[in-house]
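This report refers to the structure that appears directly beneath it.
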Amino acid sequence: MKKMLPWLITILLAVTLIVVAAFLLMDKFFPGDGNEVNQAVQNVETKKMTADQIVEMTAEIKDIKTNLADPDYILSVDIALQLDSASSKEEFEKIKSIRITPLIIKAIADAKPEELNGASGKDQFSSKLVNIINKNLTEGSITQIEFTKFILASM
């Protein structure tokens, strides 16, 4: 046993070093899990706009009501989506009821009530919506989502 002890210690140290190195390098090889949302928010340029410009580039989706992942809860929400240009708003208006609203309903159906509590929960959910919707837009991109009505109720 005394002859094996140095070998066991060496093997344990080697395995520990490999695990630590793999953990430290994991972000470089597999980027995106939690950082995707933060990068999307940081990449969006914030610039000062007039009220007319904001109205010109903002589309609204009203009166979405659906259950959450927990069927005992229902969410009623109105959403204001700011796009990057007026032309992308026109394209967005054409597809919002047939492509965008179902995406939002699916995202809500996957959400749990605890995830939507507080300002940070709503911010994370809106970031998730930005990523989902931008992948499905035909032209332009969404720069910001605001909830104009947000009612989370238990049934």
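A note on labels: chains of the structure tokens are A, B, ... as shown, every chain counts residues from 1, and ligands are counted from 1 in their shown order.
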
Would you list the contacts of Asn136 of chain A as a PyMOL selection string, taking every protein, DNA or RNA residue within 8 Å and counting only C-alpha atoms, but skipping same-chain residues closer than 3 positions in sequence?
chain A and resi 99-100+132-133

Keeping only C-alpha atoms, take the residues you just selected and write them out as an mmCIF file, in the first residue's frame.
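Output below, filename out_25.cif:
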data_model
loop_
_atom_site.group_PDB
_atom_site.id
_atom_site.type_symbol
_atom_site.label_atom_id
_atom_site.label_comp_id
_atom_site.auth_asym_id
_atom_site.auth_seq_id
_atom_site.Cartn_x
_atom_site.Cartn_y
_atom_site.Cartn_z
ATOM 1 C CA ARG A 99 -45.646 34.295 -36.915
ATOM 2 C CA ILE A 100 -44.708 36.504 -33.971
ATOM 3 C CA ILE A 132 -36.530 34.185 -30.389
ATOM 4 C CA ILE A 133 -38.266 36.832 -32.477
#

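Once Leu103 of chain A and its same-chain neighbours fewer than 3 positions away are set aside, Ile64, Ile95, Lys96, Ser97, Ile98, Arg99, Ile100, Lys106, Ala107, Ile108, Ala109, Asp110, Lys128, Leu129, Val130, Asn131, Ile132, Ile133, Asn134, Lys135, Asn136 and Leu137 of chain A remain within 12 Å of it when counting only C-alpha atoms.
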
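Comparing the minimum interatomic distances between Ala111 of chain A and each of A:Ile11, A:Ile74, A:Ala86, A:Phe147, counting only C-alpha atoms, we find that A:Ile74 sits nearest.
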
Could you work out how far atom CA of Lys112 of chain A lies from atom CA of Phe150 of chain A, giving the answer in Å with one decimal?
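Interatomic distance, atom CA of Phe150 of chain A to atom CA of Lys112 of chain A: 14.6 Å.
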
Contacts of Glu60 of chain A at 10 Å (only C-alpha atoms; same-chain gap of 5+ positions) as a ChimeraX atom specification
/A:78-82,93,96,145-148

Just-selected residues, C-alpha atoms written as a PDB file, in the first residue's frame:
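Output file part-v4.pdb is given in full below:
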ATOM      1  CA  ASP A  78     -49.478  43.654 -24.040  1.00  0.00           C
ATOM      2  CA  ILE A  79     -46.084  44.132 -25.654  1.00  0.00           C
ATOM      3  CA  ALA A  80     -44.451  47.091 -27.413  1.00  0.00           C
ATOM      4  CA  LEU A  81     -41.629  46.015 -29.728  1.00  0.00           C
ATOM      5  CA  GLN A  82     -39.170  48.594 -31.037  1.00  0.00           C
ATOM      6  CA  GLU A  93     -46.770  44.395 -39.028  1.00  0.00           C
ATOM      7  CA  LYS A  96     -46.966  39.713 -36.389  1.00  0.00           C
ATOM      8  CA  ILE A 145     -39.244  44.990 -25.882  1.00  0.00           C
ATOM      9  CA  GLU A 146     -41.384  46.644 -23.234  1.00  0.00           C
ATOM     10  CA  PHE A 147     -44.384  45.159 -21.455  1.00  0.00           C
ATOM     11  CA  THR A 148     -47.179  47.730 -21.510  1.00  0.00           C
TER      12      THR A 148
END

Contacts of Glu91 of chain A at 8 Å or less, counting only C-alpha atoms, minus same-chain residues fewer than 4 places along, as a PyMOL selection string?
chain A and resi 87+95+138-139

Preceding selection exported with all heavy atoms as a CSV table (one decimal), in the first residue's frame:
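Written output follows (again38.csv):
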chain,number,residue,atom,x,y,z
A,87,SER,N,-38.9,50.6,-42.1
A,87,SER,CA,-39.2,49.6,-43.1
A,87,SER,C,-39.4,48.2,-42.4
A,87,SER,O,-40.2,47.4,-42.8
A,87,SER,CB,-38.2,49.6,-44.2
A,87,SER,OG,-36.9,49.2,-43.6
A,95,ILE,N,-46.4,40.3,-40.5
A,95,ILE,CA,-46.3,38.9,-40.0
A,95,ILE,C,-46.6,38.7,-38.5
A,95,ILE,O,-46.5,37.6,-38.0
A,95,ILE,CB,-44.9,38.3,-40.4
A,95,ILE,CG1,-43.8,39.1,-39.6
A,95,ILE,CG2,-44.7,38.3,-41.8
A,95,ILE,CD1,-42.5,38.4,-39.6
A,138,THR,N,-38.1,38.5,-41.0
A,138,THR,CA,-37.7,38.5,-42.4
A,138,THR,C,-36.8,39.6,-42.7
A,138,THR,O,-35.9,39.5,-43.6
A,138,THR,CB,-38.9,38.5,-43.4
A,138,THR,OG1,-39.7,39.7,-43.0
A,138,THR,CG2,-39.8,37.3,-43.2
A,139,GLU,N,-37.0,40.8,-42.1
A,139,GLU,CA,-36.2,42.0,-42.3
A,139,GLU,C,-36.0,42.7,-41.0
A,139,GLU,O,-36.9,42.8,-40.2
A,139,GLU,CB,-36.9,42.9,-43.3
A,139,GLU,CG,-36.1,44.1,-43.7
A,139,GLU,CD,-36.9,45.0,-44.6
A,139,GLU,OE1,-37.5,44.5,-45.5
A,139,GLU,OE2,-36.8,46.2,-44.4

What's around Ala153 of chain A at 12 Å? Count only C-alpha atoms, leave out sequence neighbours fewer than 5 positions away in its own chain, and write the answer as a PyMOL selection string.
chain A and resi 65-68+70-77+113+116-117

Can I get the selected residues back with N, CA, C and O atoms, as a tab-separated table (two decimals), in the first residue's frame?
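Output (part15.tsv):
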chain	number	residue	atom	x	y	z
A	65	LYS	N	-53.18	36.26	-24.03
A	65	LYS	CA	-53.55	35.58	-22.78
A	65	LYS	C	-53.29	34.09	-22.98
A	65	LYS	O	-53.80	33.49	-23.92
A	66	THR	N	-52.51	33.50	-22.09
A	66	THR	CA	-52.24	32.07	-22.16
A	66	THR	C	-51.75	31.55	-20.82
A	66	THR	O	-51.35	32.34	-19.97
A	67	ASN	N	-51.77	30.24	-20.67
A	67	ASN	CA	-51.27	29.60	-19.45
A	67	ASN	C	-49.76	29.56	-19.47
A	67	ASN	O	-49.14	29.51	-20.53
A	68	LEU	N	-49.18	29.51	-18.29
A	68	LEU	CA	-47.74	29.31	-18.14
A	68	LEU	C	-47.45	27.81	-18.11
A	68	LEU	O	-48.36	26.99	-18.26
A	70	ASP	N	-46.81	26.17	-15.55
A	70	ASP	CA	-47.65	25.72	-14.45
A	70	ASP	C	-49.10	26.06	-14.83
A	70	ASP	O	-49.46	27.24	-14.93
A	71	PRO	N	-49.95	25.07	-15.09
A	71	PRO	CA	-51.30	25.34	-15.60
A	71	PRO	C	-52.19	26.10	-14.61
A	71	PRO	O	-53.28	26.52	-14.98
A	72	ASP	N	-51.74	26.29	-13.39
A	72	ASP	CA	-52.53	27.05	-12.43
A	72	ASP	C	-52.35	28.56	-12.58
A	72	ASP	O	-53.00	29.33	-11.87
A	73	TYR	N	-51.48	28.99	-13.47
A	73	TYR	CA	-51.22	30.41	-13.67
A	73	TYR	C	-51.53	30.82	-15.10
A	73	TYR	O	-51.30	30.06	-16.04
A	74	ILE	N	-52.02	32.05	-15.24
A	74	ILE	CA	-52.31	32.61	-16.55
A	74	ILE	C	-51.64	33.97	-16.64
A	74	ILE	O	-51.51	34.69	-15.64
A	75	LEU	N	-51.18	34.31	-17.84
A	75	LEU	CA	-50.53	35.60	-18.07
A	75	LEU	C	-51.29	36.35	-19.15
A	75	LEU	O	-51.57	35.80	-20.22
A	76	SER	N	-51.60	37.58	-18.87
A	76	SER	CA	-52.20	38.48	-19.84
A	76	SER	C	-51.20	39.61	-20.06
A	76	SER	O	-50.77	40.26	-19.10
A	77	VAL	N	-50.81	39.83	-21.32
A	77	VAL	CA	-49.73	40.77	-21.58
A	77	VAL	C	-49.97	41.55	-22.86
A	77	VAL	O	-50.56	41.04	-23.82
A	113	PRO	N	-43.91	30.61	-13.31
A	113	PRO	CA	-44.28	31.85	-12.62
A	113	PRO	C	-43.11	32.49	-11.87
A	113	PRO	O	-42.99	33.71	-11.84
A	116	LEU	N	-40.85	34.86	-13.88
A	116	LEU	CA	-41.39	36.15	-14.32
A	116	LEU	C	-41.58	37.15	-13.19
A	116	LEU	O	-42.05	38.25	-13.41
A	117	ASN	N	-41.20	36.77	-11.98
A	117	ASN	CA	-41.35	37.67	-10.84
A	117	ASN	C	-40.25	38.73	-10.84
A	117	ASN	O	-39.11	38.44	-11.14

Residue list (strand (DSSP E or B), DSSP) for segment 16-122 of chain A, as a PyMOL selection string:
chain A and resi 58-67+73-83

Straight-line distance linking atom CA of Ala21 of chain A with atom CA of Lys3 of chain A, stated in Å to one decimal:
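One can read the atom CA of Ala21 of chain A to atom CA of Lys3 of chain A distance as 28.6 Å.
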
So the first atom is atom CA of Phe125 of chain A and the second is atom CA of Lys94 of chain A; what is the distance between them in Å, to one decimal place?
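A separation of 24.1 Å between them.
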